[in-house]
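Listing of data14.pdb; format and content: PDB, C-alpha atoms.
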ATOM      1  CA  MET B 225       0.000   0.000   0.000
ATOM      2  CA  LEU B 226       1.412   3.383  -1.013
ATOM      3  CA  LEU B 227      -0.687   5.618   1.248
ATOM      4  CA  GLU B 228      -2.927   4.677   4.141
ATOM      5  CA  VAL B 229      -4.847   7.360   6.050
ATOM      6  CA  ILE B 230      -6.514   6.160   9.244
ATOM      7  CA  ASP B 231      -8.831   8.341  11.347
ATOM      8  CA  LEU B 232      -7.133  11.578  10.308
ATOM      9  CA  ALA B 233      -8.215  14.544  12.427
ATOM     10  CA  VAL B 234      -6.994  18.140  12.238
ATOM     11  CA  ASP B 235      -7.510  20.723  14.994
ATOM     12  CA  LEU B 236      -6.751  24.399  14.353
ATOM     13  CA  PRO B 237      -6.176  27.073  17.018
ATOM     14  CA  THR B 238      -8.759  29.887  17.168
ATOM     15  CA  PRO B 239      -9.446  32.689  19.676
ATOM     16  CA  GLN B 240     -12.104  30.362  21.135
ATOM     17  CA  GLY B 241      -9.679  27.464  21.445
ATOM     18  CA  LEU B 242      -8.969  24.454  19.248
ATOM     19  CA  ARG B 243     -11.549  23.702  16.548
ATOM     20  CA  ARG B 244     -11.658  20.387  14.694
ATOM     21  CA  VAL B 245     -11.869  20.965  10.933
ATOM     22  CA  VAL B 246     -11.208  17.388   9.752
ATOM     23  CA  HIS B 247     -12.950  14.478  11.495
ATOM     24  CA  ASP B 248     -11.707  10.887  11.336
ATOM     25  CA  VAL B 249     -11.043  10.743   7.600
ATOM     26  CA  SER B 250      -9.825   7.369   6.358
ATOM     27  CA  PHE B 251      -8.822   6.174   2.893
ATOM     28  CA  SER B 252      -6.049   4.351   1.081
ATOM     29  CA  LEU B 253      -4.238   4.703  -2.228
ATOM     30  CA  ASP B 254      -2.084   2.166  -3.998
ATOM     31  CA  ALA B 255       0.446   2.862  -6.733
ATOM     32  CA  GLY B 256      -1.248   4.085  -9.902
ATOM     33  CA  GLU B 257      -4.634   4.624  -8.239
ATOM     34  CA  SER B 258      -6.616   7.862  -8.234
ATOM     35  CA  LEU B 259      -8.893   9.299  -5.557
ATOM     36  CA  GLY B 260     -11.084  12.387  -5.808
ATOM     37  CA  ILE B 261     -12.061  14.483  -2.780
ATOM     38  CA  VAL B 262     -15.209  16.520  -3.404
ATOM     39  CA  GLY B 263     -17.139  19.051  -1.333
ATOM     40  CA  GLU B 264     -18.076  22.692  -0.948
ATOM     41  CA  SER B 265     -15.595  25.344   0.159
ATOM     42  CA  GLY B 266     -14.798  24.829   3.838
ATOM     43  CA  SER B 267     -15.534  21.113   3.749
ATOM     44  CA  GLY B 268     -11.988  20.160   4.777
ATOM     45  CA  LYS B 269     -10.630  19.092   1.376
ATOM     46  CA  THR B 270      -7.551  21.316   1.342
ATOM     47  CA  MET B 271      -6.840  20.770   5.059
ATOM     48  CA  THR B 272      -6.769  17.031   4.406
ATOM     49  CA  ALA B 273      -4.307  17.548   1.532
ATOM     50  CA  LEU B 274      -2.102  19.918   3.537
ATOM     51  CA  ALA B 275      -1.979  17.440   6.424
ATOM     52  CA  LEU B 276      -0.396  14.897   4.073
ATOM     53  CA  MET B 277       2.299  17.446   3.201
ATOM     54  CA  ALA B 278       2.776  18.633   6.818
ATOM     55  CA  LEU B 279       2.035  22.170   5.627
ATOM     56  CA  LEU B 280      -0.792  23.046   8.003
ATOM     57  CA  PRO B 281      -0.922  26.442   9.771
ATOM     58  CA  ASP B 282       1.178  26.983  12.888
ATOM     59  CA  GLY B 283      -0.408  25.462  15.961
ATOM     60  CA  ALA B 284      -2.382  22.845  14.045
ATOM     61  CA  ILE B 285      -2.629  19.446  15.713
ATOM     62  CA  VAL B 286      -2.832  16.294  13.603
ATOM     63  CA  SER B 287      -3.956  12.959  15.007
ATOM     64  CA  GLY B 288      -4.563   9.567  13.461
ATOM     65  CA  ALA B 289      -2.133   7.857  11.110
ATOM     66  CA  LEU B 290      -0.709   8.920   7.732
ATOM     67  CA  ARG B 291       1.330   5.982   6.453
ATOM     68  CA  PHE B 292       3.331   6.548   3.278
ATOM     69  CA  LEU B 293       5.150   3.411   2.124
ATOM     70  CA  GLY B 294       4.640   2.075   5.634
ATOM     71  CA  ARG B 295       6.151   5.122   7.328
ATOM     72  CA  ASP B 296       3.914   7.246   9.549
ATOM     73  CA  LEU B 297       4.188  10.922   8.581
ATOM     74  CA  VAL B 298       2.434  12.229  11.704
ATOM     75  CA  GLY B 299       5.091  13.797  13.902
ATOM     76  CA  LEU B 300       7.865  13.205  11.367
ATOM     77  CA  PRO B 301      10.669  15.789  11.830
ATOM     78  CA  GLU B 302      10.600  18.662   9.340
ATOM     79  CA  ALA B 303      14.016  17.710   7.979
ATOM     80  CA  GLU B 304      12.641  14.293   7.028
ATOM     81  CA  MET B 305       9.488  15.778   5.473
ATOM     82  CA  ARG B 306      11.632  18.066   3.301
ATOM     83  CA  LYS B 307      13.252  14.977   1.815
ATOM     84  CA  LEU B 308       9.822  13.704   0.756
ATOM     85  CA  ARG B 309       8.208  16.945  -0.438
ATOM     86  CA  GLY B 310       8.786  17.617  -4.110
ATOM     87  CA  ASP B 311      10.426  14.228  -4.541
ATOM     88  CA  GLN B 312       8.205  11.297  -3.523
ATOM     89  CA  ILE B 313       5.171  13.440  -2.624
ATOM     90  CA  ALA B 314       4.359  16.561  -4.645
ATOM     91  CA  MET B 315       1.469  19.007  -4.578
ATOM     92  CA  ILE B 316      -0.137  21.303  -7.113
ATOM     93  CA  PHE B 317      -1.446  24.203  -5.068
ATOM     94  CA  GLN B 318      -4.764  25.873  -5.760
ATOM     95  CA  GLU B 319      -3.502  29.447  -6.141
ATOM     96  CA  PRO B 320      -0.249  29.653  -8.143
ATOM     97  CA  MET B 321       0.241  33.398  -7.609
ATOM     98  CA  THR B 322       0.729  32.878  -3.887
ATOM     99  CA  ALA B 323       2.485  29.498  -4.231
ATOM    100  CA  LEU B 324       5.162  30.746  -6.649
ATOM    101  CA  ASN B 325       8.001  32.958  -5.408
ATOM    102  CA  PRO B 326       7.410  36.407  -6.987
ATOM    103  CA  ILE B 327      11.107  37.351  -7.020
ATOM    104  CA  GLN B 328      12.484  34.215  -8.697
ATOM    105  CA  ARG B 329      12.247  33.314 -12.363
ATOM    106  CA  VAL B 330       9.795  30.548 -13.125
ATOM    107  CA  GLY B 331      12.444  28.283 -14.642
ATOM    108  CA  ARG B 332      14.555  28.447 -11.514
ATOM    109  CA  GLN B 333      11.570  27.407  -9.396
ATOM    110  CA  VAL B 334      10.707  24.482 -11.662
ATOM    111  CA  ALA B 335      14.373  23.440 -11.623
ATOM    112  CA  GLU B 336      14.730  23.665  -7.828
ATOM    113  CA  PRO B 337      13.393  20.166  -6.949
ATOM    114  CA  LEU B 338      15.630  18.680  -9.638
ATOM    115  CA  ARG B 339      18.704  20.234  -8.057
ATOM    116  CA  LEU B 340      17.646  19.388  -4.492
ATOM    117  CA  HIS B 341      16.440  15.826  -5.022
ATOM    118  CA  ARG B 342      18.156  14.674  -8.220
ATOM    119  CA  GLY B 343      21.516  16.399  -7.783
ATOM    120  CA  MET B 344      21.422  18.027 -11.245
ATOM    121  CA  ASP B 345      23.752  20.906 -11.962
ATOM    122  CA  LYS B 346      22.309  24.323 -12.793
ATOM    123  CA  ALA B 347      22.468  23.954 -16.580
ATOM    124  CA  ALA B 348      20.959  20.454 -16.680
ATOM    125  CA  ALA B 349      18.172  21.397 -14.270
ATOM    126  CA  TRP B 350      17.336  24.509 -16.319
ATOM    127  CA  ALA B 351      17.165  22.494 -19.548
ATOM    128  CA  GLU B 352      14.881  19.947 -17.912
ATOM    129  CA  ALA B 353      12.706  22.764 -16.509
ATOM    130  CA  VAL B 354      12.197  24.150 -20.023
ATOM    131  CA  ARG B 355      11.274  20.665 -21.267
ATOM    132  CA  LEU B 356       8.757  20.284 -18.430
ATOM    133  CA  LEU B 357       7.180  23.653 -19.237
ATOM    134  CA  GLU B 358       6.814  22.549 -22.828
ATOM    135  CA  ARG B 359       5.274  19.281 -21.692
ATOM    136  CA  VAL B 360       2.484  21.108 -19.823
ATOM    137  CA  ARG B 361       1.605  22.928 -23.059
ATOM    138  CA  LEU B 362       3.208  26.339 -22.501
ATOM    139  CA  ARG B 363       3.565  27.823 -25.980
ATOM    140  CA  GLU B 364       6.920  29.523 -25.393
ATOM    141  CA  PRO B 365       8.588  27.473 -22.652
ATOM    142  CA  GLU B 366      11.952  29.247 -22.833
ATOM    143  CA  ARG B 367      10.280  32.651 -22.491
ATOM    144  CA  ALA B 368       8.155  31.385 -19.605
ATOM    145  CA  ALA B 369      11.217  29.946 -17.863
ATOM    146  CA  LYS B 370      12.978  33.333 -17.962
ATOM    147  CA  ALA B 371       9.898  35.244 -16.813
ATOM    148  CA  TYR B 372       8.834  36.155 -13.291
ATOM    149  CA  PRO B 373       5.417  34.846 -12.160
ATOM    150  CA  PHE B 374       3.695  38.240 -12.486
ATOM    151  CA  ALA B 375       4.554  38.305 -16.202
ATOM    152  CA  LEU B 376       2.560  35.144 -16.886
ATOM    153  CA  SER B 377      -1.193  34.729 -17.138
ATOM    154  CA  GLY B 378      -3.102  32.797 -14.477
ATOM    155  CA  GLY B 379      -3.283  29.734 -16.714
ATOM    156  CA  GLU B 380       0.442  29.900 -17.477
ATOM    157  CA  ARG B 381       1.282  30.138 -13.781
ATOM    158  CA  GLN B 382      -0.939  27.147 -13.071
ATOM    159  CA  ARG B 383       0.859  25.096 -15.715
ATOM    160  CA  ALA B 384       4.225  26.141 -14.257
ATOM    161  CA  MET B 385       3.049  24.840 -10.871
ATOM    162  CA  ILE B 386       2.070  21.547 -12.487
ATOM    163  CA  ALA B 387       5.479  21.289 -14.182
ATOM    164  CA  MET B 388       7.217  21.857 -10.838
ATOM    165  CA  ALA B 389       5.110  19.188  -9.120
ATOM    166  CA  LEU B 390       5.817  16.623 -11.843
ATOM    167  CA  ALA B 391       9.552  17.397 -12.084
ATOM    168  CA  CYS B 392      10.805  14.489  -9.969
ATOM    169  CA  ALA B 393       8.119  11.991 -11.063
ATOM    170  CA  PRO B 394       6.632  11.658  -7.552
ATOM    171  CA  LYS B 395       5.028   8.475  -6.271
ATOM    172  CA  LEU B 396       2.073  10.521  -4.976
ATOM    173  CA  LEU B 397       0.696  13.663  -6.605
ATOM    174  CA  ILE B 398      -1.737  15.802  -4.600
ATOM    175  CA  ALA B 399      -3.620  18.113  -6.953
ATOM    176  CA  ASP B 400      -5.683  20.839  -5.261
ATOM    177  CA  GLU B 401      -7.986  22.252  -7.955
ATOM    178  CA  PRO B 402      -5.146  21.881 -10.513
ATOM    179  CA  THR B 403      -7.086  23.184 -13.519
ATOM    180  CA  THR B 404      -9.051  26.072 -11.973
ATOM    181  CA  ALA B 405      -7.432  28.805 -14.097
ATOM    182  CA  LEU B 406      -7.349  26.809 -17.345
ATOM    183  CA  ASP B 407      -9.783  26.760 -20.245
ATOM    184  CA  VAL B 408     -11.542  23.465 -20.907
ATOM    185  CA  THR B 409      -9.252  22.430 -23.781
ATOM    186  CA  VAL B 410      -6.035  22.934 -21.811
ATOM    187  CA  GLN B 411      -7.725  21.435 -18.737
ATOM    188  CA  ALA B 412      -8.400  18.206 -20.620
ATOM    189  CA  ARG B 413      -4.821  18.063 -21.941
ATOM    190  CA  ILE B 414      -3.300  18.596 -18.482
ATOM    191  CA  LEU B 415      -5.513  15.971 -16.889
ATOM    192  CA  ASP B 416      -4.667  13.565 -19.703
ATOM    193  CA  LEU B 417      -0.969  14.291 -19.097
ATOM    194  CA  ILE B 418      -1.323  13.513 -15.386
ATOM    195  CA  ALA B 419      -3.200  10.304 -16.235
ATOM    196  CA  ALA B 420      -0.489   9.296 -18.724
ATOM    197  CA  LEU B 421       2.263   9.873 -16.158
ATOM    198  CA  SER B 422       0.296   7.869 -13.639
ATOM    199  CA  ALA B 423       0.059   4.970 -16.082
ATOM    200  CA  GLN B 424       3.746   5.184 -17.034
ATOM    201  CA  SER B 425       5.232   5.458 -13.557
ATOM    202  CA  ALA B 426       2.454   4.067 -11.311
ATOM    203  CA  MET B 427       2.032   7.510  -9.753
ATOM    204  CA  ALA B 428      -0.944   7.733  -7.400
ATOM    205  CA  THR B 429      -3.125  10.833  -7.658
ATOM    206  CA  LEU B 430      -5.191  12.580  -5.004
ATOM    207  CA  LEU B 431      -7.428  15.080  -6.809
ATOM    208  CA  VAL B 432      -9.193  17.799  -4.801
ATOM    209  CA  SER B 433     -11.937  19.423  -6.838
ATOM    210  CA  HIS B 434     -15.338  21.107  -6.864
ATOM    211  CA  ASP B 435     -15.912  19.732 -10.358
ATOM    212  CA  LEU B 436     -17.824  16.463 -10.222
ATOM    213  CA  ALA B 437     -17.342  15.885 -13.944
ATOM    214  CA  VAL B 438     -13.546  16.153 -13.607
ATOM    215  CA  VAL B 439     -13.556  13.681 -10.713
ATOM    216  CA  ALA B 440     -15.876  11.261 -12.540
ATOM    217  CA  ARG B 441     -13.587  11.288 -15.587
ATOM    218  CA  ASN B 442     -10.241  11.075 -13.800
ATOM    219  CA  CYS B 443     -10.685   9.227 -10.502
ATOM    220  CA  ARG B 444     -11.291   5.603  -9.663
ATOM    221  CA  ASN B 445     -12.640   6.352  -6.170
ATOM    222  CA  VAL B 446     -14.196   9.361  -4.487
ATOM    223  CA  LEU B 447     -14.711  10.828  -1.008
ATOM    224  CA  ILE B 448     -17.579  13.260  -0.456
ATOM    225  CA  LEU B 449     -16.649  15.639   2.388
ATOM    226  CA  TYR B 450     -18.902  17.987   4.334
ATOM    227  CA  GLY B 451     -17.995  19.766   7.545
ATOM    228  CA  GLY B 452     -14.695  17.884   7.623
ATOM    229  CA  THR B 453     -16.541  14.540   7.675
ATOM    230  CA  VAL B 454     -16.715  11.867   4.973
ATOM    231  CA  MET B 455     -20.396  11.631   4.043
ATOM    232  CA  GLU B 456     -20.043   9.022   1.299
ATOM    233  CA  SER B 457     -17.194   7.121  -0.337
ATOM    234  CA  GLY B 458     -16.587   4.394  -2.866
ATOM    235  CA  PRO B 459     -15.970   3.851  -6.580
ATOM    236  CA  ALA B 460     -16.494   7.185  -8.351
ATOM    237  CA  GLU B 461     -18.679   5.747 -11.097
ATOM    238  CA  ALA B 462     -21.057   4.120  -8.605
ATOM    239  CA  VAL B 463     -21.218   7.043  -6.170
ATOM    240  CA  LEU B 464     -21.747   9.721  -8.814
ATOM    241  CA  SER B 465     -24.285   7.738 -10.817
ATOM    242  CA  ASP B 466     -26.279   6.383  -7.876
ATOM    243  CA  ALA B 467     -25.696   8.642  -4.865
ATOM    244  CA  ARG B 468     -27.043   7.394  -1.540
ATOM    245  CA  HIS B 469     -26.299  10.319   0.803
ATOM    246  CA  PRO B 470     -28.593  13.389   0.672
ATOM    247  CA  TYR B 471     -25.557  15.683   0.439
ATOM    248  CA  THR B 472     -24.107  13.823  -2.542
ATOM    249  CA  LYS B 473     -27.532  13.960  -4.199
ATOM    250  CA  ALA B 474     -27.713  17.717  -3.534
ATOM    251  CA  LEU B 475     -24.293  18.293  -5.109
ATOM    252  CA  LEU B 476     -25.294  16.338  -8.201
ATOM    253  CA  ASP B 477     -28.626  18.175  -8.471
ATOM    254  CA  ALA B 478     -26.803  21.533  -8.319
ATOM    255  CA  ARG B 479     -24.870  20.820 -11.525
ATOM    256  CA  PRO B 480     -25.832  22.674 -14.728
ATOM    257  CA  ARG B 481     -27.849  20.453 -17.086
ATOM    258  CA  ALA B 482     -26.950  20.375 -20.760
ATOM    259  CA  ASN B 483     -30.591  19.936 -21.805
ATOM    260  CA  ALA B 484     -32.053  22.481 -19.371
ATOM    261  CA  PRO B 485     -34.599  24.973 -20.822
ATOM    262  CA  ARG B 486     -33.217  28.424 -21.560
ATOM    263  CA  GLY B 487     -33.369  30.671 -18.501
ATOM    264  CA  GLU B 488     -33.847  27.854 -16.000
ATOM    265  CA  ARG B 489     -32.285  28.708 -12.647
ATOM    266  CA  LEU B 490     -29.667  26.387 -11.227
ATOM    267  CA  ARG B 491     -30.688  24.400  -8.188
ATOM    268  CA  ALA B 492     -28.951  25.492  -5.011
ATOM    269  CA  ILE B 493     -28.425  23.651  -1.743
ATOM    270  CA  ALA B 494     -30.591  25.366   0.867
ATOM    271  CA  GLY B 495     -28.892  27.276   3.681
ATOM    272  CA  SER B 496     -25.198  27.921   4.185
ATOM    273  CA  ALA B 497     -22.274  25.561   4.561
ATOM    274  CA  ALA B 498     -21.371  24.635   8.110
ATOM    275  CA  PRO B 499     -18.569  26.897   9.391
ATOM    276  CA  ALA B 500     -15.206  25.201   9.799
ATOM    277  CA  GLY B 501     -14.857  23.787  13.285
ATOM    278  CA  ALA B 502     -18.585  23.892  14.059
ATOM    279  CA  ASN B 503     -18.301  20.354  15.511
ATOM    280  CA  PRO B 504     -21.991  19.454  15.850
ATOM    281  CA  GLN B 505     -22.996  16.472  17.975
ATOM    282  CA  GLY B 506     -24.766  14.845  15.064
ATOM    283  CA  CYS B 507     -24.677  15.229  11.289
ATOM    284  CA  PRO B 508     -23.037  18.474  10.083
ATOM    285  CA  PHE B 509     -25.498  18.547   7.149
ATOM    286  CA  ALA B 510     -28.529  18.528   9.474
ATOM    287  CA  GLY B 511     -30.733  21.556   8.868
ATOM    288  CA  ARG B 512     -29.702  21.952   5.247
ATOM    289  CA  CYS B 513     -30.825  18.430   4.477
ATOM    290  CA  PRO B 514     -34.516  18.129   3.485
ATOM    291  CA  LEU B 515     -34.682  14.783   5.296
ATOM    292  CA  THR B 516     -33.467  16.120   8.659
ATOM    293  CA  LEU B 517     -34.892  14.467  11.764
ATOM    294  CA  ASP B 518     -34.453  15.773  15.304
ATOM    295  CA  ALA B 519     -32.192  12.784  15.935
ATOM    296  CA  CYS B 520     -29.890  13.867  13.071
ATOM    297  CA  ARG B 521     -28.784  16.903  15.086
ATOM    298  CA  VAL B 522     -27.644  14.986  18.164
ATOM    299  CA  THR B 523     -26.888  11.374  17.178
ATOM    300  CA  PRO B 524     -23.312  10.464  16.155
ATOM    301  CA  LEU B 525     -23.230   9.424  12.509
ATOM    302  CA  PRO B 526     -23.324   5.667  11.879
ATOM    303  CA  THR B 527     -21.318   4.207   9.009
ATOM    304  CA  VAL B 528     -23.321   1.984   6.660
ATOM    305  CA  ALA B 529     -21.118  -0.368   4.637
ATOM    306  CA  LEU B 530     -22.555  -1.263   1.234
ATOM    307  CA  GLU B 531     -21.518  -3.726  -1.429
ATOM    308  CA  GLY B 532     -18.725  -2.753  -3.793
ATOM    309  CA  GLY B 533     -16.665  -1.001  -1.118
ATOM    310  CA  ARG B 534     -19.145   1.866  -0.692
ATOM    311  CA  ARG B 535     -19.730   3.592   2.655
ATOM    312  CA  VAL B 536     -22.385   6.103   3.685
ATOM    313  CA  ARG B 537     -22.747   8.022   6.956
ATOM    314  CA  CYS B 538     -26.398   8.927   7.458
ATOM    315  CA  LEU B 539     -29.170   8.058   9.916
ATOM    316  CA  ARG B 540     -31.665   7.921   7.052
ATOM    317  CA  VAL B 541     -29.768   5.269   5.064
ATOM    318  CA  GLY B 542     -30.781   1.690   5.791
ATOM    319  CA  ALA B 543     -28.728  -1.473   5.620
ATOM    320  CA  ASP B 544     -29.812  -1.872   1.985
ATOM    321  CA  GLY B 545     -28.297   1.543   1.160
ATOM    322  CA  ARG B 546     -31.646   3.202   0.487
ATOM    323  CA  LEU B 547     -32.966   6.374   2.109
ATOM    324  CA  THR B 548     -35.798   5.817   4.575
TER     325      THR B 548
END
Show the structure stored in the file as structure tokens.
Amino acid sequence: MLLEVIDLAVDLPTPQGLRRVVHDVSFSLDAGESLGIVGESGSGKTMTALALMALLPDGAIVSGALRFLGRDLVGLPEAEMRKLRGDQIAMIFQEPMTALNPIQRVGRQVAEPLRLHRGMDKAAAWAEAVRLLERVRLREPERAAKAYPFALSGGERQRAMIAMALACAPKLLIADEPTTALDVTVQARILDLIAALSAQSAMATLLVSHDLAVVARNCRNVLILYGGTVMESGPAEAVLSDARHPYTKALLDARPRANAPRGERLRAIAGSAAPAGANPQGCPFAGRCPLTLDACRVTPLPTVALEGGRRVRCLRVGADGRLT
């Protein structure tokens, strides 16, 4: 097993004390596999990804187990994590303008992991950086390599971030909204590139996204997160074609429909997302869910195991996987 996450929890410091923003998240990834994490903003997707990289805010407390190639990353010294980051585990960050160093040329930043982890000299690393920029479909890779981040468009910066993450052919790629700033044509090419690299080198991919279509097309399995809690999980095709949890159903219903009549309003999920760290006694989706019972607000969520490796956490889901 490449990655095994067991009961991951993340607590963040606030003026009111510690607040739990990720609750007992568990999943596994083997070499070459792909997992999508889906949910609204504030659902805990990025915090889960950052916990794997040990890049959480100061004062954050991580509990549970994060086993990468059998080695638990929780509590691993920073010097040891630096050996893994950018080499065996790499991340494409959601906002490239803040992730890239504004005072270093793009080529130097793409070349940095090659020099640190592969021992390349400056010239060889620069040449490989240009090749990587070309591989992620930058039209003028040499120009982009010599430019500073502010001189590139949002899409170009995003592709530079992807090139940097792929530089050392990591065993695990964590992609946090990797195609947000890209048009649909380039988005498809980049995702196809990531899939090709995964097939060639058995790279596992953890894809964080709001886009259900992207996850359905590119991920074997999926986790549906809400309020830092896994609401539903299992094979992506099964979950997204036959959702069992009310929250998953609501996300699917909120998608634009290709055959919708002109002027039809998009369906919205009623209410507002639970604030991070709300920590309700019962289901975090209670109140927004049209099937809410009084018991949903106070009863700890049961886990219903279904055939095919699917799991649902809902009081209203019976042993047969159907809503009652």
Practice item. For the structure shown, which residues end up in the PyMOL selection byres ((chain B and resi 327-339) around 9)? Put them as a ChimeraX atom specification, please? Key: /B:309-311,324-326,340-346,348-354,356-357,365-366,368-373,381,384-385,387-389,391-392
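Closest approach to Ala273 of chain B from the set B:Ala437, B:Ile448, B:Ala314, B:Val536 is made by B:Ala314, with distances taken over only C-alpha atoms.
The spacing separating atom CA of Pro281 of chain B from atom CA of Leu236 of chain B amounts to 7.7 Å.
Non-sequential neighbours of segment 472-474 of chain B (distance at most 9 Å, separation of 3 or more positions within a chain, only C-alpha atoms) are Gly263, Ile448, Met455, Glu456, Val463, Leu464, Asp466, Ala467, Arg468, His469, Asp477, Ala478, Arg491, Ala492, Ile493 and Cys513 of chain B.
Across B:Met277, B:Ala462, B:Leu376, B:Ala420, the tightest approach to Gly299 of chain B is made by B:Met277 when counting only C-alpha atoms.
Straight-line separation from atom CA of Val432 of chain B to atom CA of Asp400 of chain B: 4.7 Å.
If all atoms listed in the file are the atoms counted, then among B:Pro320, B:Gly268, B:Gly241, B:Gly256 the closest residue to Arg444 of chain B is B:Gly256.
In terms of minimum interatomic distance to Ile386 of chain B, B:Met315 ranks closest within B:Leu547, B:Ala498, B:Val234, B:Met315, counting all atoms listed in the file.
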Take every atom of segment 237-254 of chain B listed in the file, fit an axis-aligned box around them, add 3 Å per side, and give the centre and edge lengths in Å to one decimal as lines of an AutoDock Vina configuration file.
center_x = -7.5
center_y = 17.4
center_z = 8.7
size_x = 16.9
size_y = 36.5
size_z = 31.4
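Pairwise distance (atom CA of Val439 of chain B, atom CA of Arg306 of chain B) equals 29.2 Å.
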Exercise for review: Decode the PyMOL selection byres ((chain B and resi 255) around 6) for the given file into explicit residues and return them as a ChimeraX atom specification.
Suggested key: /B:226,254,256-257,426-428
